[in-house]
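Here's the structure we're looking at; comments come further down.
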Amino acid sequence: MRRRWVPWVFLTPALIVLGVFFALPVIGGFILSLTDFDVYALADLHNLRFVGLENYLALLRRPLFWRALAHTMYFVVVGVPLSIMASLGAALLLNSKLARFKGFFRTALFAPVVTTVVAVAVIWRYLFNTRYGLVNYALHSLGVQPVDWLGDPHWAMPTIIAFAVWKNFGYNMVIFLAGLQAIPTDLYEASRIDGASPWQRFRHITWPMLGPTLVMVGVLTMSGYFQLFAEPYVMTEGGPLQSTVSVLYLMYEDGFKWWNLGLASAVAFMLFVLMFAATALLMRAARKRGLA
Amino acid sequence: MTVATRHSFVRRTITVCIAVIGVALLGGCQRAAPAAEQGITLHFWAMGREADAVRQVMPAFEASHPGVHVDVQTLPWAGAHQKLLTAFAGDTTPDLCQLGNTWIPELATLGALAPLDRQVADSRVVRPGDYFPGIWDTNRLHGTLYGVPWYVDTRLLFYRKDLLARAGFAHPPRTWAEWATQLAAIKRQAGPDRYAILLPTNEFEQLESLGLQQSEPMLRDNGRYGNFRSPGFKRVLAFYAQMYRKHWSPVVANTEIPNVWAEFARGYYAFYFSGPWNIAEFKQRMPKALRDKWATAPLPGPHGPGTSLAGGSSLVIFRASAHKRAAWQLIEYLSRPAVQRRFYQLVGDMPPRRSSWDNSALADDPYAKAFRVQLEHVRPVPKVPEWEQIATELRLVGEQLAHGQLNVDQAADELDRRADQILSKRRWMLDHGRTP
């Protein structure tokens, strides 16, 4: 007869930590999202009203929430594939037998990841300045009219995506590099003997062998990109014309700037549900193909 | 955990922690105890540059008040509001604090601030009549005084004398009509790549100042509803919108102008709408050839010299402070004209008292003169805790107006709609007999 309680003893420490630092705050946050907790409630808890799902309904009726959601989706849908392609491309180049100074390039390409967002954003703001920026200067020499990168509502998000991709691709690159190095070289040797072209080798060996790595990188990158905040916060403050307000930025403004913690908790939960659904979909697709 | 128990839970946890630490330290602390009884430590939160400057005038205060030590802590402006609310929620407010005067209604509503009427009535240093009335008024809420002005801030015009003269004007504008004429003339001279004025689209102070010039208040019915559809405010929106429509101002945010001073020197614009801190910046940064080519002027009004906003910081004492007497002594010390003059020299903040201006370097400063005139004509923004949030909507809607996405009527409707929504809790409070 096995003693059933033994595994629970081993699980208890982890469960306590999870309970205190995850479950309790989540439940607390959910309850908060059903109230209109604000500055007045902070002054006197008698001013707190239980509003049920009113915060959620108010959000669904609020145009800015939908716009923030659209901006976030834009950022995820364009940014995640771009970021993964950049990481994979850099990893393939670094992994190539022809590459020289690998150590140097690996460090150089990883460097943006360890820089501070705020400091780098300031430099990017200069680079993308309409009148004095290096980017427009370079474009000008190619005969392109100056673009108002951060001041034009249509260009601000692409600029932020470019910034985020540049800032983050190095991290995934290192993971891909590890994945690439784990692919047995005899597969490539065999395929070369069979006369496979470089593209065929990539398509039929590298790509499938990287499958599990790709799924993991995809999930991590996507959940990271859903939480877009720091880039618009330091580069554009959500502007111009609120074209770079993300869901998390909206939550920050409602919660920490205006102290409408009830509403902000509702925003947080909506984002949580969205991220959960997107991740679940991705995992299901991966499982169908036997990748995870 | 429910919200209702959150406070007591936090408090209990903290109490338990303190008790545990206290017991652990008891043995070691016995020798240190007498020092704590001898004197008191005042915790004083100040912001940014003011914190650095005020540290330099503290030794004189500590010398004249033996037994009182002042611990000045610096808060960055960007995080100050959040930090203050968090401190209030966690019962860790300081004894006294520098507070932007538009935040006073919010913290007073929270019950975080101690009323100061009695102290002022008994004081021989702080004399209300000596302060600029609009600035003093920002510290009153429902007839109670919660702060003493420390330094002032208002918005007016910096302008290029040479560019104005070239366009044929000998003096800065006094009315909106005159201003518009000058802007149009300067723009004609400047051509397509230069402008007459810089009004960054992501600042609300411009619209706010022009709004304060109107006879109708920006909120109506005791702050229950927005009043942006009033004829006065529509005039403001129309005046503001034409600045961009006629290309007098570029449609840019201040994040896109990396160096406003260099652009001013380059003649990218002839008028700049800003505050007192820029006097020192311009003095330092304008090239030699342009040293006497710029000046400041009070804000023009719809029909004559205009009102501007009563900004700046006040000194407040927190209700939870155990050292209110010493904190008040520190406020009195910082309110002395001599100390305020020294403070101006250190950091360039303009004093709120007329007697601090007299016989000081400020009185002879040609650039400060316009501020001295303007300060007699300043008004506080509406005193509701929600004002800052409404001002943010003012900025956002103003931005849409500048980009031509909304017309004046639409912008006014939108502002009222957003303000009414933000004020809904306040209306509920007022309707249920609760004092917001």
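Every chain in the structure tokens has a letter given in the order shown (A, B, ...), and although residue numbers restart at 1 in each chain, ligands are simply numbered from 1 in the order shown.
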
(Q) What are the residues of chain B lining chain A at 9 Å or less? Count only C-alpha atoms, and put the answer as number ranges by chain. (A) B: 1-4, 81-82, 85, 88-89, 106-107, 109-112, 201-202, 251-253, 255-258, 385-386, 388-389, 396-397, 399-400, 403, 425-426, 429, 434, 436

For those residues, write C-alpha atoms to a file as an mmCIF file, in the first residue's frame.
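Saved the output as part_15.cif:
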data_model
loop_
_atom_site.group_PDB
_atom_site.id
_atom_site.type_symbol
_atom_site.label_atom_id
_atom_site.label_comp_id
_atom_site.auth_asym_id
_atom_site.auth_seq_id
_atom_site.Cartn_x
_atom_site.Cartn_y
_atom_site.Cartn_z
ATOM 1 C CA MET B 1 -8.471 38.419 0.404
ATOM 2 C CA THR B 2 -11.195 40.983 0.064
ATOM 3 C CA VAL B 3 -10.456 44.591 -0.416
ATOM 4 C CA ALA B 4 -12.127 45.524 2.827
ATOM 5 C CA HIS B 81 2.209 61.151 -7.413
ATOM 6 C CA GLN B 82 2.233 57.367 -7.283
ATOM 7 C CA LEU B 85 -0.598 57.663 -2.817
ATOM 8 C CA PHE B 88 -0.735 57.126 2.171
ATOM 9 C CA ALA B 89 -2.114 53.629 1.583
ATOM 10 C CA GLU B 106 -6.672 65.019 -4.257
ATOM 11 C CA LEU B 107 -4.559 64.545 -1.145
ATOM 12 C CA THR B 109 -9.788 64.693 -0.225
ATOM 13 C CA LEU B 110 -7.973 61.599 0.926
ATOM 14 C CA GLY B 111 -7.651 63.209 4.330
ATOM 15 C CA ALA B 112 -3.891 62.948 4.112
ATOM 16 C CA THR B 201 0.573 68.919 -29.203
ATOM 17 C CA ASN B 202 1.226 66.774 -26.155
ATOM 18 C CA VAL B 251 1.973 69.910 -35.470
ATOM 19 C CA VAL B 252 4.647 68.260 -33.336
ATOM 20 C CA ALA B 253 4.901 66.766 -29.886
ATOM 21 C CA THR B 255 9.280 64.501 -27.825
ATOM 22 C CA GLU B 256 10.058 65.400 -31.431
ATOM 23 C CA ILE B 257 11.883 68.630 -30.616
ATOM 24 C CA PRO B 258 15.076 67.395 -28.982
ATOM 25 C CA PRO B 385 -9.216 65.392 -7.430
ATOM 26 C CA GLU B 386 -10.023 64.309 -10.976
ATOM 27 C CA GLU B 388 -5.329 65.979 -13.662
ATOM 28 C CA GLN B 389 -7.105 63.164 -15.447
ATOM 29 C CA LEU B 396 -5.576 64.142 -26.035
ATOM 30 C CA VAL B 397 -8.577 65.899 -27.516
ATOM 31 C CA GLU B 399 -4.055 66.752 -30.088
ATOM 32 C CA GLN B 400 -6.906 65.458 -32.262
ATOM 33 C CA HIS B 403 -4.283 67.126 -36.288
ATOM 34 C CA LYS B 425 -18.013 58.859 -8.974
ATOM 35 C CA ARG B 426 -17.762 62.415 -7.708
ATOM 36 C CA MET B 429 -20.454 61.021 -3.734
ATOM 37 C CA ARG B 434 -20.466 62.207 1.122
ATOM 38 C CA PRO B 436 -15.470 64.272 -1.850
#

Q: Can you list, as a count of residues only, all residues belonging to region 211-390 of chain B that DSSP tags as alpha helix (DSSP H)?
A: 78

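Once region 220-227 of chain A and its same-chain neighbours fewer than 2 positions away are set aside, Thr72, Met73, Phe75, Val76, Val77, Gly79, Val80, Ser83, Ile84, Ala164, Asn172, Val215, Met216, Val217, Gly218, Phe229, Ala230, Ser246, Val247, Leu248, Tyr249, Leu271, Leu274, Met275, Phe276, Ala278 and Thr279 of chain A remain within 9 Å of it when counting only C-alpha atoms.
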
Take the selection from the previous step and output its residues with C-alpha atoms, as a compact mmCIF listing (two decimals), in the first residue's frame.
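Saved as again10.txt:
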# COMPACT_ATOMS: atom_id res chain seq x y z
CA THR A 72 -1.33 45.28 -29.23
CA MET A 73 -2.47 42.73 -31.81
CA PHE A 75 2.46 44.64 -32.45
CA VAL A 76 2.15 40.89 -31.79
CA VAL A 77 1.14 39.80 -35.28
CA GLY A 79 6.45 41.86 -34.27
CA VAL A 80 6.59 38.20 -33.24
CA SER A 83 11.49 38.95 -34.25
CA ILE A 84 11.68 35.16 -34.74
CA ALA A 164 11.45 46.00 -30.07
CA ASN A 172 16.05 34.12 -29.12
CA VAL A 215 7.38 26.38 -30.39
CA MET A 216 9.02 27.39 -27.15
CA VAL A 217 10.49 30.57 -28.62
CA GLY A 218 7.14 31.35 -30.22
CA PHE A 229 4.60 48.66 -22.40
CA ALA A 230 8.12 50.00 -21.91
CA SER A 246 -1.18 49.16 -25.74
CA VAL A 247 -3.43 47.22 -23.40
CA LEU A 248 -0.80 47.18 -20.70
CA TYR A 249 -0.16 50.88 -21.16
CA LEU A 271 -5.24 40.73 -21.18
CA LEU A 274 -6.39 36.93 -24.26
CA MET A 275 -2.84 35.74 -23.69
CA PHE A 276 -4.08 32.47 -22.26
CA ALA A 278 -3.51 32.75 -27.78
CA THR A 279 -0.96 30.54 -26.03

Q) DSSP on the backbone: what in region 19-178 of chain B comes out strand (DSSP E or B), as a PyMOL selection string? A) chain B and resi 40-47+68-75+96-100+113+131+140-141+144-145+148-153+156-160+175

Q | Residue neighbourhood Leu82 (chain A), 10 Å, only C-alpha atoms, exclusion window fewer than 3 positions, as a PyMOL selection string | A | chain A and resi 76-79+85-88+161-162+165-166+169

With C-alpha atoms retained, export the selected residues as a PDB file, in the first residue's frame.
ATOM      1  CA  VAL A  76       2.150  40.893 -31.786  1.00  0.00           C
ATOM      2  CA  VAL A  77       1.135  39.804 -35.275  1.00  0.00           C
ATOM      3  CA  VAL A  78       3.866  41.790 -37.012  1.00  0.00           C
ATOM      4  CA  GLY A  79       6.454  41.859 -34.270  1.00  0.00           C
ATOM      5  CA  MET A  85      12.847  35.526 -38.329  1.00  0.00           C
ATOM      6  CA  ALA A  86      15.551  37.965 -37.274  1.00  0.00           C
ATOM      7  CA  SER A  87      16.669  35.644 -34.480  1.00  0.00           C
ATOM      8  CA  LEU A  88      16.684  32.578 -36.704  1.00  0.00           C
ATOM      9  CA  ILE A 161       8.131  47.284 -33.676  1.00  0.00           C
ATOM     10  CA  ALA A 162      11.533  47.844 -35.277  1.00  0.00           C
ATOM     11  CA  VAL A 165      12.694  43.513 -32.650  1.00  0.00           C
ATOM     12  CA  TRP A 166      16.181  44.988 -32.591  1.00  0.00           C
ATOM     13  CA  PHE A 169      16.142  39.294 -31.228  1.00  0.00           C
TER      14      PHE A 169
END
